[in-house]
Amino acid sequence: MTDSPSQLLVHDDAIRANTAYFADLTGGRVMAVLKADAFGHGAVARSVLESGASSIGVTSVAEALDLRASGVRSPILSWLNPVDADFESAVVADIDLAVSSTPLLMAVSRAAVRVGSRARVHLHIDVGMGRDGCPAEEWSALCTIASELQRLGSVHVVGVMGHMSCADRPEHPQNQRERLVFANAVRTARRRGLAPSVTHLAATAATVTGVGRGFDLHRIGAGLYGIDPSGVSDRLRRALSLTTRVVTSREARAGTGVGYGLDFVAERGTNLALLPIGYGDGLPRSASGRAEVLVRGRRRPLVGRFSMDMVVADTGDDRIPPGEPVTVFGPGGDGEPTAAEWARWANTIEHEIVTRIGTRVARIHRTTTSPTSPQEAMHA
Ligand SMILES: *Cc1c(COP(=O)(O)O)cnc(C)c1O
């Protein structure tokens with residue numbers, strides 16, 4: 001959809017710089033988390049692997065297989081799958097699999113036997129988040145069974161993983177507890193005869209704040225894309241710009257209402273610009289009445305309730321011609337809103353803004369973060 005009026009520019013340079021920063025911070029122990037289409041950023045595997053990541057982490061086997069099919073040869077870990085997932089294809093494609101329960105471990109083991117191979121497994125302990133991961137009470141039994149299957153040859157336990165619940169608040173006492181649970185879990189695994197070569201607890205926040213450092217790998221997602229959940233780092237660069245173009249514009253008299261329900265009524269004469277992007281493209285409808293965009297170097301409020309396919313910008317005294325470029329969000333260096341501001345307007349987090357941009361928006365990978373000129377935007 002190269003002629004789509006809205007474009008998501010992916011600044012590969014920023015992703016490379018962020019990856020290199022984390023590689024430096026962790027001594028080269030970065031697993032780049034590319035789940036959910038790389039948090040909405042698209043094909044970035046090459047960028048992260050060339051700038052210091054040593055492996056890749058995703059949620060599902062399907063995501064992992066897509067990466068293999070696109071030529072990625074580095075280790076890939078898939079950590080969340082139902083028991084009937086396609087573990088056979090995963091084992092054949094040399095995908096590491098995290099398991100958090102005995103039924104999952106058995107399913108992976110059986111798939112490995114069926115394809116005549118051995119599954120590379122990471123045992124996942126719930127360190128206290130109460131979400132994914134094996135409950136601590138069942139951990140010892142899971143390790144015992146894994147050890148037995150390893151002896152029989154169907155699995156090879158290469159890793160132990162955990163995930164922290166409060167790492168964005170480094171002073172929270174839960175962090176210390178979760179580190180201890182994790183360290184104990186690794187010890188228990190070793191006592192059951194397992195020899196995991198990679199232990200990994202920290203994601204972005206735990207790495208930036210330091211509360212999850214000291215293990216073999218860091219699973220970095222948000223940080224690669226310039227998002228720091230802890231708000232501590234000033235070294236990260238945002239990597240997306242969402243742009244669109246004005247379709248039509250019009251003068252509006254005082255009293256003109258805009259959009260479903262006429263939530264907005266112009267108090268005085270103004271100009272309105274129609275933008276061909278809406279909640280069907282990922283703009284959060286809950287930001288209606290608060291959000292702004294950048295047009296001709298100035299912030300303009302979006303007025304009225306967002307529609308599925310369009311929103312309306314109030315451009316005041318400026319009549320904006322059709323085709324004029326509009327920046328919905330970007331890194332923020334040129335006065336445009338950031339995804340973080342959109343998150344505040346929508347009462348959510350930045351992750352949700354960047355992962356929801358729809359398929360009608362063309363993804364364009366760029367190697368510089370310089371602002372886009374109108375000509376470039378037209379011909380990109
Ligand atoms: C998403 C995810 C990560 C990455 O977390 P960030 O905070 O985005 O770095 C790491 N581990 C697991 C299990 C995840 O689900």
# chains A, B, ... in the order shown; residues from 1 in each chain; ligands from 1
>>> closest_atom_pairs(of="stretch 43-65 of chain A", to="stretch 93-96 of chain A", cutoff="9 Å", atoms="only C-alpha atoms", output="CSV")
residue,atom,partner,partner_atom,distance
A:Val61,CA,A:Ile95,CA,7.9
A:Ala64,CA,A:Ile95,CA,7.0
A:Leu65,CA,A:Ala93,CA,7.2
>>> select_by_dssp(residues="stretch 131-318 of chain A", states="strand (DSSP E or B)", output="NGL selection string")
:A and (134 or 155-161 or 198-202 or 217-220 or 240-245 or 248-252 or 257-258 or 264-265 or 270-275 or 292-295 or 298-303 or 311-316)
>>> closest_atom_pairs(of="chain A", to="ligand 1", cutoff="7 Å", atoms="only C-alpha atoms and all ligand atoms", output="JSON lines")
{"residue": "A:Val33", "atom": "CA", "partner": "ligand 1", "partner_atom_place_in_ligand_line": "4 (C)", "distance": 5.8}
{"residue": "A:Thr59", "atom": "CA", "partner": "ligand 1", "partner_atom_place_in_ligand_line": "15 (O)", "distance": 6.9}
{"residue": "A:Trp79", "atom": "CA", "partner": "ligand 1", "partner_atom_place_in_ligand_line": "13 (C)", "distance": 6.8}
{"residue": "A:His163", "atom": "CA", "partner": "ligand 1", "partner_atom_place_in_ligand_line": "13 (C)", "distance": 5.6}
{"residue": "A:Ala203", "atom": "CA", "partner": "ligand 1", "partner_atom_place_in_ligand_line": "9 (O)", "distance": 4.1}
{"residue": "A:Thr204", "atom": "CA", "partner": "ligand 1", "partner_atom_place_in_ligand_line": "9 (O)", "distance": 3.7}
{"residue": "A:Ala205", "atom": "CA", "partner": "ligand 1", "partner_atom_place_in_ligand_line": "7 (O)", "distance": 5.9}
{"residue": "A:Arg219", "atom": "CA", "partner": "ligand 1", "partner_atom_place_in_ligand_line": "10 (C)", "distance": 4.9}
{"residue": "A:Ile220", "atom": "CA", "partner": "ligand 1", "partner_atom_place_in_ligand_line": "9 (O)", "distance": 4.0}
{"residue": "A:Gly221", "atom": "CA", "partner": "ligand 1", "partner_atom_place_in_ligand_line": "9 (O)", "distance": 3.5}
{"residue": "A:Ala222", "atom": "CA", "partner": "ligand 1", "partner_atom_place_in_ligand_line": "8 (O)", "distance": 3.6}
{"residue": "A:Gly223", "atom": "CA", "partner": "ligand 1", "partner_atom_place_in_ligand_line": "9 (O)", "distance": 5.9}
{"residue": "A:Pro229", "atom": "CA", "partner": "ligand 1", "partner_atom_place_in_ligand_line": "7 (O)", "distance": 6.8}
>>> select_by_dssp(residues="stretch 111-165 of chain A", states="alpha helix (DSSP H)", output="compact mmCIF listing (two decimals) with N, CA and C atoms, in the first residue's frame")
# COMPACT_ATOMS: atom_id res chain seq x y z
N ALA A 111 6.47 -33.84 20.82
CA ALA A 111 6.71 -33.31 19.48
C ALA A 111 8.15 -33.61 19.04
N ALA A 112 9.09 -33.47 19.96
CA ALA A 112 10.50 -33.74 19.63
C ALA A 112 10.70 -35.20 19.27
N VAL A 113 10.04 -36.09 20.03
CA VAL A 113 10.15 -37.52 19.74
C VAL A 113 9.60 -37.80 18.34
N ARG A 114 8.45 -37.19 18.02
CA ARG A 114 7.82 -37.44 16.72
C ARG A 114 8.72 -37.02 15.56
N ALA A 136 5.79 -21.35 42.03
CA ALA A 136 6.98 -21.80 42.78
C ALA A 136 6.76 -23.17 43.42
N GLU A 137 5.54 -23.47 43.86
CA GLU A 137 5.27 -24.75 44.54
C GLU A 137 5.42 -25.94 43.59
N GLU A 138 5.27 -25.69 42.29
CA GLU A 138 5.34 -26.80 41.34
C GLU A 138 6.69 -26.88 40.63
N TRP A 139 7.57 -25.95 40.98
CA TRP A 139 8.83 -25.82 40.24
C TRP A 139 9.73 -27.06 40.36
N SER A 140 9.83 -27.54 41.57
CA SER A 140 10.71 -28.68 41.81
C SER A 140 10.27 -29.89 40.98
N ALA A 141 8.96 -30.13 40.95
CA ALA A 141 8.43 -31.27 40.18
C ALA A 141 8.68 -31.07 38.69
N LEU A 142 8.52 -29.83 38.22
CA LEU A 142 8.76 -29.56 36.80
C LEU A 142 10.23 -29.85 36.44
N CYS A 143 11.13 -29.43 37.34
CA CYS A 143 12.57 -29.67 37.11
C CYS A 143 12.88 -31.16 37.09
N THR A 144 12.24 -31.91 37.98
CA THR A 144 12.48 -33.36 38.07
C THR A 144 12.07 -34.05 36.77
N ILE A 145 10.89 -33.67 36.28
CA ILE A 145 10.41 -34.29 35.03
C ILE A 145 11.30 -33.87 33.86
N ALA A 146 11.67 -32.59 33.83
CA ALA A 146 12.54 -32.11 32.75
C ALA A 146 13.87 -32.86 32.76
N SER A 147 14.37 -33.09 33.95
CA SER A 147 15.64 -33.79 34.09
C SER A 147 15.53 -35.22 33.53
N GLU A 148 14.40 -35.86 33.86
CA GLU A 148 14.18 -37.23 33.37
C GLU A 148 14.06 -37.25 31.84
N LEU A 149 13.30 -36.29 31.28
CA LEU A 149 13.15 -36.24 29.82
C LEU A 149 14.49 -35.93 29.15
N GLN A 150 15.28 -35.12 29.82
CA GLN A 150 16.60 -34.80 29.27
C GLN A 150 17.46 -36.06 29.21
N ARG A 151 17.37 -36.88 30.28
CA ARG A 151 18.12 -38.14 30.32
C ARG A 151 17.67 -39.07 29.19
N LEU A 152 16.35 -39.03 28.92
CA LEU A 152 15.81 -39.88 27.86
C LEU A 152 16.10 -39.32 26.46
>>> atom_distance(atom1="atom CA of A:Thr243", atom2="atom CA of A:Ala346")
18.6 Å
>>> closest_residue(among="A:Thr327, A:Thr270, A:Thr367, A:Gln176", to="A:Thr244", atoms="only C-alpha atoms")
A:Thr327
>>> residues_around(residues="A:Ala362", least_positions_apart="4", cutoff="12 Å", atoms="only C-alpha atoms", output="ChimeraX atom specification")
/A:1-10,40-42,241-244,281,357-358,377,380
>>> residues_around(residues="stretch 44-57 of chain A", least_positions_apart="2", cutoff="7 Å", atoms="only C-alpha atoms", output="VMD selection string")
chain A and resid 12 16 19 to 20 23 28 to 34 42 74 to 78
>>> atom_distance(atom1="atom CA of A:Val92", atom2="atom CA of A:Val108")
11.8 Å
>>> closest_residue(among="A:Phe22, A:Trp345, A:Phe87, A:Phe264", to="A:Ser286", atoms="only C-alpha atoms")
A:Trp345
>>> decode(residues="stretch 177-190 of chain A", atoms="N, CA and C atoms", output="mmCIF file, in the first residue's frame")
data_model
loop_
_atom_site.group_PDB
_atom_site.id
_atom_site.type_symbol
_atom_site.label_atom_id
_atom_site.label_comp_id
_atom_site.auth_asym_id
_atom_site.auth_seq_id
_atom_site.Cartn_x
_atom_site.Cartn_y
_atom_site.Cartn_z
ATOM 1 N N ARG A 177 12.528 -9.634 46.427
ATOM 2 C CA ARG A 177 11.882 -10.949 46.577
ATOM 3 C C ARG A 177 11.961 -11.750 45.281
ATOM 4 N N GLU A 178 11.658 -11.081 44.169
ATOM 5 C CA GLU A 178 11.619 -11.807 42.900
ATOM 6 C C GLU A 178 13.002 -12.279 42.463
ATOM 7 N N ARG A 179 14.022 -11.462 42.739
ATOM 8 C CA ARG A 179 15.399 -11.903 42.452
ATOM 9 C C ARG A 179 15.737 -13.164 43.229
ATOM 10 N N LEU A 180 15.338 -13.172 44.498
ATOM 11 C CA LEU A 180 15.620 -14.335 45.349
ATOM 12 C C LEU A 180 14.896 -15.582 44.845
ATOM 13 N N VAL A 181 13.616 -15.424 44.517
ATOM 14 C CA VAL A 181 12.848 -16.566 43.998
ATOM 15 C C VAL A 181 13.544 -17.107 42.746
ATOM 16 N N PHE A 182 14.012 -16.192 41.908
ATOM 17 C CA PHE A 182 14.649 -16.627 40.662
ATOM 18 C C PHE A 182 15.964 -17.359 40.939
ATOM 19 N N ALA A 183 16.791 -16.757 41.775
ATOM 20 C CA ALA A 183 18.080 -17.394 42.094
ATOM 21 C C ALA A 183 17.865 -18.777 42.711
ATOM 22 N N ASN A 184 16.858 -18.891 43.570
ATOM 23 C CA ASN A 184 16.535 -20.197 44.167
ATOM 24 C C ASN A 184 16.074 -21.191 43.117
ATOM 25 N N ALA A 185 15.276 -20.703 42.171
ATOM 26 C CA ALA A 185 14.764 -21.593 41.121
ATOM 27 C C ALA A 185 15.910 -22.147 40.277
ATOM 28 N N VAL A 186 16.883 -21.289 39.982
ATOM 29 C CA VAL A 186 18.039 -21.744 39.197
ATOM 30 C C VAL A 186 18.797 -22.813 39.995
ATOM 31 N N ARG A 187 18.939 -22.556 41.303
ATOM 32 C CA ARG A 187 19.643 -23.525 42.161
ATOM 33 C C ARG A 187 18.899 -24.869 42.179
ATOM 34 N N THR A 188 17.593 -24.799 42.312
ATOM 35 C CA THR A 188 16.799 -26.037 42.328
ATOM 36 C C THR A 188 16.977 -26.805 41.016
ATOM 37 N N ALA A 189 16.951 -26.085 39.906
ATOM 38 C CA ALA A 189 17.131 -26.745 38.601
ATOM 39 C C ALA A 189 18.472 -27.474 38.563
ATOM 40 N N ARG A 190 19.506 -26.804 39.056
ATOM 41 C CA ARG A 190 20.846 -27.427 39.042
ATOM 42 C C ARG A 190 20.853 -28.657 39.932
#
